>>> print(open('upload34.pdb').read())   # PDB, C-alpha atoms
ATOM      1  CA  MET A   1    -149.821 130.076  61.855
ATOM      2  CA  GLU A   2    -149.728 126.965  63.989
ATOM      3  CA  PRO A   3    -147.423 124.232  62.592
ATOM      4  CA  LEU A   4    -149.184 121.162  61.247
ATOM      5  CA  ARG A   5    -147.123 118.004  61.579
ATOM      6  CA  THR A   6    -149.632 115.318  62.505
ATOM      7  CA  LEU A   7    -153.343 115.622  63.027
ATOM      8  CA  THR A   8    -155.522 113.022  64.688
ATOM      9  CA  SER A   9    -159.209 113.780  64.654
ATOM     10  CA  ARG A  10    -162.652 112.438  64.017
ATOM     11  CA  THR A  11    -164.161 113.484  60.715
ATOM     12  CA  VAL A  12    -167.262 115.439  59.906
ATOM     13  CA  VAL A  13    -168.751 114.730  56.472
ATOM     14  CA  LEU A  14    -170.410 116.964  53.883
ATOM     15  CA  PRO A  15    -171.010 114.457  51.076
ATOM     16  CA  ALA A  16    -172.246 116.929  48.453
ATOM     17  CA  ALA A  17    -170.174 117.377  45.308
ATOM     18  CA  ASN A  18    -169.322 120.802  43.902
ATOM     19  CA  ILE A  19    -169.419 122.722  47.188
ATOM     20  CA  ASP A  20    -168.351 126.133  45.973
ATOM     21  CA  THR A  21    -166.689 128.997  47.792
ATOM     22  CA  ASP A  22    -169.946 130.954  48.014
ATOM     23  CA  GLN A  23    -171.495 128.045  49.919
ATOM     24  CA  ILE A  24    -168.411 127.829  52.156
ATOM     25  CA  ILE A  25    -168.575 131.562  52.979
ATOM     26  CA  PRO A  26    -171.373 133.559  51.322
ATOM     27  CA  ALA A  27    -170.298 136.730  49.498
ATOM     28  CA  ARG A  28    -172.148 139.020  51.922
ATOM     29  CA  PHE A  29    -169.517 138.163  54.568
ATOM     30  CA  LEU A  30    -166.536 139.165  52.416
ATOM     31  CA  THR A  31    -166.421 142.724  53.709
ATOM     32  CA  THR A  32    -163.811 141.930  56.355
ATOM     33  CA  THR A  33    -160.066 141.774  55.877
ATOM     34  CA  THR A  34    -159.501 139.856  59.103
ATOM     35  CA  ARG A  35    -159.913 136.149  59.689
ATOM     36  CA  ALA A  36    -161.326 136.248  63.205
ATOM     37  CA  GLY A  37    -165.000 135.430  63.451
ATOM     38  CA  LEU A  38    -165.427 133.973  59.978
ATOM     39  CA  GLY A  39    -165.905 130.471  61.406
ATOM     40  CA  ALA A  40    -169.299 131.612  62.698
ATOM     41  CA  ARG A  41    -170.249 132.366  59.064
ATOM     42  CA  LEU A  42    -168.949 129.064  57.653
ATOM     43  CA  PHE A  43    -171.688 127.443  55.518
ATOM     44  CA  ALA A  44    -174.018 130.160  56.855
ATOM     45  CA  ASP A  45    -176.855 129.518  54.410
ATOM     46  CA  TRP A  46    -176.836 125.817  55.276
ATOM     47  CA  ARG A  47    -176.218 126.180  59.024
ATOM     48  CA  TYR A  48    -178.807 128.864  59.814
ATOM     49  CA  ASP A  49    -182.369 129.607  58.796
ATOM     50  CA  GLU A  50    -183.594 133.040  57.622
ATOM     51  CA  HIS A  51    -183.884 134.185  61.262
ATOM     52  CA  GLY A  52    -180.335 133.138  62.165
ATOM     53  CA  ALA A  53    -181.388 130.060  64.159
ATOM     54  CA  PRO A  54    -179.288 126.898  63.687
ATOM     55  CA  ARG A  55    -180.845 124.326  61.351
ATOM     56  CA  ALA A  56    -181.232 121.095  63.313
ATOM     57  CA  GLY A  57    -180.400 118.868  60.346
ATOM     58  CA  PHE A  58    -177.112 120.449  59.342
ATOM     59  CA  VAL A  59    -174.117 118.327  60.332
ATOM     60  CA  LEU A  60    -172.011 121.148  61.829
ATOM     61  CA  ASN A  61    -174.858 121.988  64.199
ATOM     62  CA  GLY A  62    -174.921 118.488  65.690
ATOM     63  CA  PRO A  63    -172.973 117.345  68.741
ATOM     64  CA  ASP A  64    -170.925 114.849  66.696
ATOM     65  CA  ALA A  65    -169.207 117.720  64.855
ATOM     66  CA  ALA A  66    -167.801 119.264  68.030
ATOM     67  CA  GLY A  67    -164.028 119.152  68.035
ATOM     68  CA  CYS A  68    -163.665 117.614  64.581
ATOM     69  CA  ARG A  69    -160.662 119.083  62.768
ATOM     70  CA  ILE A  70    -161.008 117.106  59.534
ATOM     71  CA  LEU A  71    -163.766 117.790  57.000
ATOM     72  CA  VAL A  72    -164.530 115.100  54.428
ATOM     73  CA  ALA A  73    -166.342 116.471  51.387
ATOM     74  CA  GLY A  74    -167.665 115.342  48.039
ATOM     75  CA  ARG A  75    -165.747 115.741  44.804
ATOM     76  CA  ASN A  76    -164.745 119.213  43.488
ATOM     77  CA  PHE A  77    -164.711 120.924  46.890
ATOM     78  CA  GLY A  78    -163.972 124.659  46.786
ATOM     79  CA  CYS A  79    -164.935 125.269  43.186
ATOM     80  CA  GLY A  80    -166.185 128.682  42.094
ATOM     81  CA  SER A  81    -164.617 132.053  42.651
ATOM     82  CA  SER A  82    -161.271 132.529  44.326
ATOM     83  CA  ARG A  83    -161.623 133.870  47.830
ATOM     84  CA  GLU A  84    -159.201 133.495  50.696
ATOM     85  CA  HIS A  85    -162.139 133.986  53.039
ATOM     86  CA  ALA A  86    -163.166 130.351  52.374
ATOM     87  CA  PRO A  87    -160.063 128.762  53.947
ATOM     88  CA  TRP A  88    -160.043 131.537  56.583
ATOM     89  CA  ALA A  89    -163.575 130.518  57.629
ATOM     90  CA  LEU A  90    -162.734 126.810  57.698
ATOM     91  CA  VAL A  91    -159.619 127.386  59.830
ATOM     92  CA  ASP A  92    -161.399 129.850  62.135
ATOM     93  CA  TYR A  93    -164.104 127.224  62.677
ATOM     94  CA  GLY A  94    -161.419 124.730  63.707
ATOM     95  CA  PHE A  95    -160.691 122.625  60.630
ATOM     96  CA  ARG A  96    -157.070 121.958  59.702
ATOM     97  CA  ALA A  97    -157.636 119.497  56.835
ATOM     98  CA  ILE A  98    -160.132 118.869  54.035
ATOM     99  CA  ILE A  99    -160.263 115.419  52.441
ATOM    100  CA  SER A 100    -161.928 114.808  49.088
ATOM    101  CA  ALA A 101    -161.485 112.917  45.835
ATOM    102  CA  GLY A 102    -161.200 116.302  44.147
ATOM    103  CA  ILE A 103    -160.401 119.793  45.396
ATOM    104  CA  ALA A 104    -160.518 122.833  43.116
ATOM    105  CA  ASP A 105    -157.043 124.112  42.227
ATOM    106  CA  ILE A 106    -157.496 127.745  43.274
ATOM    107  CA  PHE A 107    -159.096 126.755  46.578
ATOM    108  CA  ARG A 108    -156.280 124.256  47.148
ATOM    109  CA  SER A 109    -153.683 126.979  46.630
ATOM    110  CA  ASN A 110    -155.500 129.418  48.933
ATOM    111  CA  ALA A 111    -155.895 126.705  51.577
ATOM    112  CA  LEU A 112    -152.195 125.861  51.612
ATOM    113  CA  LYS A 113    -151.289 129.548  51.942
ATOM    114  CA  ASN A 114    -153.473 129.752  55.035
ATOM    115  CA  GLY A 115    -152.502 126.629  56.978
ATOM    116  CA  LEU A 116    -155.365 124.418  55.795
ATOM    117  CA  LEU A 117    -154.274 121.061  54.377
ATOM    118  CA  PRO A 118    -156.180 119.911  51.275
ATOM    119  CA  VAL A 119    -155.892 116.124  51.012
ATOM    120  CA  ILE A 120    -156.837 114.484  47.734
ATOM    121  CA  VAL A 121    -157.490 110.743  47.931
ATOM    122  CA  GLU A 122    -158.638 108.090  45.471
ATOM    123  CA  GLU A 123    -162.398 107.865  44.905
ATOM    124  CA  PRO A 124    -162.883 104.546  46.782
ATOM    125  CA  ILE A 125    -161.184 105.988  49.886
ATOM    126  CA  ALA A 126    -163.240 109.167  49.633
ATOM    127  CA  GLN A 127    -166.441 107.136  49.338
ATOM    128  CA  TRP A 128    -165.485 105.018  52.364
ATOM    129  CA  LEU A 129    -164.832 108.169  54.404
ATOM    130  CA  ILE A 130    -168.142 109.699  53.299
ATOM    131  CA  ALA A 131    -169.949 106.515  54.354
ATOM    132  CA  HIS A 132    -168.230 106.519  57.781
ATOM    133  CA  PRO A 133    -168.652 109.956  59.378
ATOM    134  CA  GLY A 134    -166.855 110.307  62.678
ATOM    135  CA  ALA A 135    -164.011 107.993  61.652
ATOM    136  CA  THR A 136    -160.799 108.796  63.494
ATOM    137  CA  LEU A 137    -157.925 109.487  61.122
ATOM    138  CA  THR A 138    -154.302 110.480  61.578
ATOM    139  CA  ILE A 139    -152.707 112.675  58.950
ATOM    140  CA  ASP A 140    -148.907 112.789  58.795
ATOM    141  CA  VAL A 141    -147.854 115.856  56.821
ATOM    142  CA  ALA A 142    -144.156 114.933  56.596
ATOM    143  CA  ARG A 143    -144.959 111.506  55.159
ATOM    144  CA  GLY A 144    -147.978 112.641  53.146
ATOM    145  CA  THR A 145    -150.174 109.880  54.528
ATOM    146  CA  VAL A 146    -153.575 109.379  56.100
ATOM    147  CA  ALA A 147    -153.913 106.480  58.544
ATOM    148  CA  LEU A 148    -157.374 104.934  58.417
ATOM    149  CA  PRO A 149    -159.140 103.316  61.399
ATOM    150  CA  ASP A 150    -158.225  99.805  60.184
ATOM    151  CA  GLY A 151    -154.509 100.694  60.240
ATOM    152  CA  ALA A 152    -154.144 101.046  56.474
ATOM    153  CA  THR A 153    -152.470 104.187  55.177
ATOM    154  CA  VAL A 154    -153.061 106.079  51.976
ATOM    155  CA  SER A 155    -150.719 108.605  50.419
ATOM    156  CA  PHE A 156    -151.650 112.039  49.148
ATOM    157  CA  PRO A 157    -149.757 114.524  46.967
ATOM    158  CA  LEU A 158    -148.222 117.598  48.584
ATOM    159  CA  GLU A 159    -145.619 119.822  46.978
ATOM    160  CA  PRO A 160    -142.378 120.189  48.980
ATOM    161  CA  PHE A 161    -142.665 123.954  49.599
ATOM    162  CA  ALA A 162    -146.239 123.626  50.891
ATOM    163  CA  ARG A 163    -145.167 120.702  53.093
ATOM    164  CA  HIS A 164    -142.295 122.775  54.528
ATOM    165  CA  CYS A 165    -144.563 125.747  55.259
ATOM    166  CA  LEU A 166    -147.197 123.576  56.967
ATOM    167  CA  LEU A 167    -144.608 121.747  59.064
ATOM    168  CA  GLU A 168    -143.014 125.021  60.157
ATOM    169  CA  GLY A 169    -146.247 126.996  60.560
ATOM    170  CA  LEU A 170    -145.250 129.540  57.926
ATOM    171  CA  ASP A 171    -147.109 131.320  55.188
ATOM    172  CA  GLU A 172    -145.222 132.650  52.153
ATOM    173  CA  LEU A 173    -144.430 135.973  53.848
ATOM    174  CA  GLY A 174    -143.277 134.190  56.991
ATOM    175  CA  PHE A 175    -140.994 132.028  54.861
ATOM    176  CA  LEU A 176    -139.409 135.120  53.321
ATOM    177  CA  LEU A 177    -139.056 136.839  56.685
ATOM    178  CA  ALA A 178    -137.340 133.748  58.087
ATOM    179  CA  HIS A 179    -134.675 134.275  55.416
ATOM    180  CA  SER A 180    -134.366 138.043  55.859
ATOM    181  CA  ARG A 181    -130.701 137.857  56.975
ATOM    182  CA  ASP A 182    -129.758 135.944  53.845
ATOM    183  CA  ILE A 183    -131.783 138.335  51.687
ATOM    184  CA  ASP A 184    -130.137 141.378  53.315
ATOM    185  CA  ALA A 185    -126.670 139.837  52.860
ATOM    186  CA  PHE A 186    -127.414 139.147  49.191
ATOM    187  CA  GLU A 187    -128.613 142.727  48.645
ATOM    188  CA  ARG A 188    -125.464 144.130  50.270
ATOM    189  CA  ARG A 189    -123.325 142.066  47.870
ATOM    190  CA  ALA A 190    -125.263 143.197  44.809
TER     191      ALA A 190
END
>>> encode(input="upload34.pdb", output="structure tokens")
Amino acid sequence: MEPLRTLTSRTVVLPAANIDTDQIIPARFLTTTTRAGLGARLFADWRYDEHGAPRAGFVLNGPDAAGCRILVAGRNFGCGSSREHAPWALVDYGFRAIISAGIADIFRSNALKNGLLPVIVEEPIAQWLIAHPGATLTIDVARGTVALPDGATVSFPLEPFARHCLLEGLDELGFLLAHSRDIDAFERRA
């Protein structure tokens, strides 16, 4: 996993509330156990018509979405069933952070385990971001802040272990492997 210390990017906005994991990555694409290629299936039912052609009106199909690494979404993002494929698809597409006034707990946990930063902000900030697609933000993971275009910063909650893993580019297994010498030494003493 690539470390995430600071992220400066324009935003792309999906203002809908209650975007569930089946909308993020439809169940028919859950047959793979690898992450590669899932970004092409991200929001598939919204991005493509029944013939597989891109829908002109969907925000990710427009030129303004190119290169955006921060997705701003409506409240309760990632609700529904637990599936790691949802954060896999978002990361494979190129997103490194999701900002919303509310992110479903299970999705939030799966995101953090896969190098995707879920940022929960107060409702007025979320509404401002939704109303200003393409805003350039800077997220500082160590400080737990988002710098807005006007220079103001807002804080967001992030548990210390998740912060450490993001900053170091580790998942839970990588964290354990990084401590394998200490673990081996402990086992030899036991």
>>> atom_distance(input="upload34.pdb", atom1="atom CA of A:Phe175", atom2="atom CA of A:Leu137")
28.9 Å
>>> residues_around(input="upload34.pdb", residues="stretch 86-94 of chain A", least_positions_apart="6", cutoff="6 Å", atoms="all atoms listed in the file", output="ChimeraX atom specification")
/A:21,24-25,35,38-39,42,69,111
>>> closest_residue(input="upload34.pdb", among="A:Arg75, A:Arg10, A:Arg47, A:Arg5", to="A:Gly115", atoms="only C-alpha atoms")
A:Arg5
>>> closest_residue(input="upload34.pdb", among="A:Ala17, A:Cys68, A:Met1, A:Ala178", to="A:Phe95", atoms="only C-alpha atoms")
A:Cys68
>>> residues_near_point(input="upload34.pdb", point="(-146.7, 116.0, 49.6)", cutoff="12 Å", atoms="only C-alpha atoms", output="JSON list (two decimals) with C-alpha atoms, in the frame of the given file")
[["chain", "number", "residue", "atom", "x", "y", "z"],
["A", 112, "LEU", "CA", -152.20, 125.86, 51.61],
["A", 117, "LEU", "CA", -154.27, 121.06, 54.38],
["A", 118, "PRO", "CA", -156.18, 119.91, 51.28],
["A", 119, "VAL", "CA", -155.89, 116.12, 51.01],
["A", 120, "ILE", "CA", -156.84, 114.48, 47.73],
["A", 139, "ILE", "CA", -152.71, 112.68, 58.95],
["A", 140, "ASP", "CA", -148.91, 112.79, 58.80],
["A", 141, "VAL", "CA", -147.85, 115.86, 56.82],
["A", 142, "ALA", "CA", -144.16, 114.93, 56.60],
["A", 143, "ARG", "CA", -144.96, 111.51, 55.16],
["A", 144, "GLY", "CA", -147.98, 112.64, 53.15],
["A", 145, "THR", "CA", -150.17, 109.88, 54.53],
["A", 146, "VAL", "CA", -153.57, 109.38, 56.10],
["A", 155, "SER", "CA", -150.72, 108.60, 50.42],
["A", 156, "PHE", "CA", -151.65, 112.04, 49.15],
["A", 157, "PRO", "CA", -149.76, 114.52, 46.97],
["A", 158, "LEU", "CA", -148.22, 117.60, 48.58],
["A", 159, "GLU", "CA", -145.62, 119.82, 46.98],
["A", 160, "PRO", "CA", -142.38, 120.19, 48.98],
["A", 161, "PHE", "CA", -142.66, 123.95, 49.60],
["A", 162, "ALA", "CA", -146.24, 123.63, 50.89],
["A", 163, "ARG", "CA", -145.17, 120.70, 53.09],
["A", 164, "HIS", "CA", -142.29, 122.78, 54.53],
["A", 165, "CYS", "CA", -144.56, 125.75, 55.26],
["A", 166, "LEU", "CA", -147.20, 123.58, 56.97],
["A", 167, "LEU", "CA", -144.61, 121.75, 59.06]]
>>> atom_distance(input="upload34.pdb", atom1="atom CA of A:Ala66", atom2="atom CA of A:Asp20")
23.1 Å
>>> closest_residue(input="upload34.pdb", among="A:Thr8, A:Asp64, A:Ile130, A:Leu170", to="A:Asn114", atoms="all atoms listed in the file")
A:Leu170
>>> residues_around(input="upload34.pdb", residues="A:Phe107", least_positions_apart="3", cutoff="7 Å", atoms="only C-alpha atoms", output="MDAnalysis selection string")
chainID A and resid 78:79 82 104 110:111
>>> atom_distance(input="upload34.pdb", atom1="atom CA of A:Glu50", atom2="atom CA of A:Ala27")
16.0 Å
>>> residues_around(input="upload34.pdb", residues="A:Trp46", least_positions_apart="2", cutoff="12 Å", atoms="only C-alpha atoms", output="count of residues only")
24
>>> resolve_selection(input="upload34.pdb", expression="the PyMOL selection byres ((chain A and resi 122) around 10)", output="short mmCIF file (atom, residue, chain, number, x, y, z; two decimals) with C-alpha atoms, keeping the file's coordinate frame")
data_model
loop_
_atom_site.label_atom_id
_atom_site.label_comp_id
_atom_site.auth_asym_id
_atom_site.auth_seq_id
_atom_site.Cartn_x
_atom_site.Cartn_y
_atom_site.Cartn_z
CA SER A 100 -161.93 114.81 49.09
CA ALA A 101 -161.49 112.92 45.84
CA GLY A 102 -161.20 116.30 44.15
CA ILE A 120 -156.84 114.48 47.73
CA VAL A 121 -157.49 110.74 47.93
CA GLU A 123 -162.40 107.86 44.90
CA PRO A 124 -162.88 104.55 46.78
CA ILE A 125 -161.18 105.99 49.89
CA ALA A 126 -163.24 109.17 49.63
CA GLN A 127 -166.44 107.14 49.34
CA VAL A 154 -153.06 106.08 51.98
CA SER A 155 -150.72 108.60 50.42
CA PHE A 156 -151.65 112.04 49.15
#
>>> build_atoms(input="upload34.pdb", residues="stretch 150-181 of chain A", atoms="N, CA and C atoms", output="PDB file, in the coordinates of the input")
ATOM      1  N   ASP A 150    -158.637 101.217  60.233  1.00  0.00           N
ATOM      2  CA  ASP A 150    -158.225  99.805  60.184  1.00  0.00           C
ATOM      3  C   ASP A 150    -156.707  99.633  60.163  1.00  0.00           C
ATOM      4  N   GLY A 151    -155.967 100.748  60.235  1.00  0.00           N
ATOM      5  CA  GLY A 151    -154.509 100.694  60.240  1.00  0.00           C
ATOM      6  C   GLY A 151    -153.883 100.885  58.875  1.00  0.00           C
ATOM      7  N   ALA A 152    -154.672 100.808  57.818  1.00  0.00           N
ATOM      8  CA  ALA A 152    -154.144 101.046  56.474  1.00  0.00           C
ATOM      9  C   ALA A 152    -153.784 102.522  56.323  1.00  0.00           C
ATOM     10  N   THR A 153    -152.820 102.799  55.464  1.00  0.00           N
ATOM     11  CA  THR A 153    -152.470 104.187  55.177  1.00  0.00           C
ATOM     12  C   THR A 153    -152.599 104.434  53.685  1.00  0.00           C
ATOM     13  N   VAL A 154    -152.987 105.650  53.367  1.00  0.00           N
ATOM     14  CA  VAL A 154    -153.061 106.079  51.976  1.00  0.00           C
ATOM     15  C   VAL A 154    -152.210 107.332  51.836  1.00  0.00           C
ATOM     16  N   SER A 155    -151.570 107.454  50.695  1.00  0.00           N
ATOM     17  CA  SER A 155    -150.719 108.605  50.419  1.00  0.00           C
ATOM     18  C   SER A 155    -151.524 109.686  49.717  1.00  0.00           C
ATOM     19  N   PHE A 156    -151.050 110.924  49.872  1.00  0.00           N
ATOM     20  CA  PHE A 156    -151.650 112.039  49.148  1.00  0.00           C
ATOM     21  C   PHE A 156    -150.543 112.953  48.645  1.00  0.00           C
ATOM     22  N   PRO A 157    -150.784 113.640  47.520  1.00  0.00           N
ATOM     23  CA  PRO A 157    -149.757 114.524  46.967  1.00  0.00           C
ATOM     24  C   PRO A 157    -149.672 115.839  47.755  1.00  0.00           C
ATOM     25  N   LEU A 158    -148.451 116.304  47.933  1.00  0.00           N
ATOM     26  CA  LEU A 158    -148.222 117.598  48.584  1.00  0.00           C
ATOM     27  C   LEU A 158    -146.871 118.104  48.125  1.00  0.00           C
ATOM     28  N   GLU A 159    -146.875 119.270  47.497  1.00  0.00           N
ATOM     29  CA  GLU A 159    -145.619 119.822  46.978  1.00  0.00           C
ATOM     30  C   GLU A 159    -144.662 120.150  48.131  1.00  0.00           C
ATOM     31  N   PRO A 160    -143.361 120.013  47.902  1.00  0.00           N
ATOM     32  CA  PRO A 160    -142.378 120.189  48.980  1.00  0.00           C
ATOM     33  C   PRO A 160    -142.449 121.546  49.690  1.00  0.00           C
ATOM     34  N   PHE A 161    -142.623 122.638  48.949  1.00  0.00           N
ATOM     35  CA  PHE A 161    -142.665 123.954  49.599  1.00  0.00           C
ATOM     36  C   PHE A 161    -143.879 124.065  50.515  1.00  0.00           C
ATOM     37  N   ALA A 162    -145.025 123.596  50.056  1.00  0.00           N
ATOM     38  CA  ALA A 162    -146.239 123.626  50.891  1.00  0.00           C
ATOM     39  C   ALA A 162    -146.049 122.757  52.128  1.00  0.00           C
ATOM     40  N   ARG A 163    -145.433 121.594  51.961  1.00  0.00           N
ATOM     41  CA  ARG A 163    -145.167 120.702  53.093  1.00  0.00           C
ATOM     42  C   ARG A 163    -144.282 121.417  54.117  1.00  0.00           C
ATOM     43  N   HIS A 164    -143.207 122.049  53.639  1.00  0.00           N
ATOM     44  CA  HIS A 164    -142.295 122.775  54.528  1.00  0.00           C
ATOM     45  C   HIS A 164    -143.043 123.863  55.304  1.00  0.00           C
ATOM     46  N   CYS A 165    -143.833 124.649  54.603  1.00  0.00           N
ATOM     47  CA  CYS A 165    -144.563 125.747  55.259  1.00  0.00           C
ATOM     48  C   CYS A 165    -145.537 125.219  56.308  1.00  0.00           C
ATOM     49  N   LEU A 166    -146.269 124.155  56.000  1.00  0.00           N
ATOM     50  CA  LEU A 166    -147.197 123.576  56.967  1.00  0.00           C
ATOM     51  C   LEU A 166    -146.454 123.047  58.187  1.00  0.00           C
ATOM     52  N   LEU A 167    -145.372 122.323  57.956  1.00  0.00           N
ATOM     53  CA  LEU A 167    -144.608 121.747  59.064  1.00  0.00           C
ATOM     54  C   LEU A 167    -144.018 122.813  59.973  1.00  0.00           C
ATOM     55  N   GLU A 168    -143.642 123.947  59.392  1.00  0.00           N
ATOM     56  CA  GLU A 168    -143.014 125.021  60.157  1.00  0.00           C
ATOM     57  C   GLU A 168    -144.007 126.078  60.637  1.00  0.00           C
ATOM     58  N   GLY A 169    -145.256 126.000  60.172  1.00  0.00           N
ATOM     59  CA  GLY A 169    -146.247 126.996  60.560  1.00  0.00           C
ATOM     60  C   GLY A 169    -146.000 128.342  59.910  1.00  0.00           C
ATOM     61  N   LEU A 170    -145.579 128.317  58.654  1.00  0.00           N
ATOM     62  CA  LEU A 170    -145.250 129.540  57.926  1.00  0.00           C
ATOM     63  C   LEU A 170    -146.196 129.751  56.753  1.00  0.00           C
ATOM     64  N   ASP A 171    -146.504 131.001  56.469  1.00  0.00           N
ATOM     65  CA  ASP A 171    -147.109 131.320  55.188  1.00  0.00           C
ATOM     66  C   ASP A 171    -145.969 131.820  54.295  1.00  0.00           C
ATOM     67  N   GLU A 172    -146.283 132.241  53.077  1.00  0.00           N
ATOM     68  CA  GLU A 172    -145.222 132.650  52.153  1.00  0.00           C
ATOM     69  C   GLU A 172    -144.432 133.841  52.684  1.00  0.00           C
ATOM     70  N   LEU A 173    -145.122 134.815  53.287  1.00  0.00           N
ATOM     71  CA  LEU A 173    -144.430 135.973  53.848  1.00  0.00           C
ATOM     72  C   LEU A 173    -143.552 135.547  55.022  1.00  0.00           C
ATOM     73  N   GLY A 174    -144.063 134.693  55.866  1.00  0.00           N
ATOM     74  CA  GLY A 174    -143.277 134.190  56.991  1.00  0.00           C
ATOM     75  C   GLY A 174    -142.032 133.454  56.528  1.00  0.00           C
ATOM     76  N   PHE A 175    -142.150 132.717  55.427  1.00  0.00           N
ATOM     77  CA  PHE A 175    -140.994 132.028  54.861  1.00  0.00           C
ATOM     78  C   PHE A 175    -139.936 133.036  54.446  1.00  0.00           C
ATOM     79  N   LEU A 176    -140.364 134.088  53.748  1.00  0.00           N
ATOM     80  CA  LEU A 176    -139.409 135.120  53.321  1.00  0.00           C
ATOM     81  C   LEU A 176    -138.778 135.826  54.512  1.00  0.00           C
ATOM     82  N   LEU A 177    -139.589 136.160  55.507  1.00  0.00           N
ATOM     83  CA  LEU A 177    -139.056 136.839  56.685  1.00  0.00           C
ATOM     84  C   LEU A 177    -138.061 135.966  57.441  1.00  0.00           C
ATOM     85  N   ALA A 178    -138.275 134.659  57.427  1.00  0.00           N
ATOM     86  CA  ALA A 178    -137.340 133.748  58.087  1.00  0.00           C
ATOM     87  C   ALA A 178    -135.974 133.751  57.411  1.00  0.00           C
ATOM     88  N   HIS A 179    -135.930 134.201  56.171  1.00  0.00           N
ATOM     89  CA  HIS A 179    -134.675 134.275  55.416  1.00  0.00           C
ATOM     90  C   HIS A 179    -134.205 135.715  55.231  1.00  0.00           C
ATOM     91  N   SER A 180    -134.692 136.621  56.049  1.00  0.00           N
ATOM     92  CA  SER A 180    -134.366 138.043  55.859  1.00  0.00           C
ATOM     93  C   SER A 180    -132.869 138.325  55.976  1.00  0.00           C
ATOM     94  N   ARG A 181    -132.160 137.641  56.864  1.00  0.00           N
ATOM     95  CA  ARG A 181    -130.701 137.857  56.975  1.00  0.00           C
ATOM     96  C   ARG A 181    -130.000 137.500  55.671  1.00  0.00           C
TER      97      ARG A 181
END
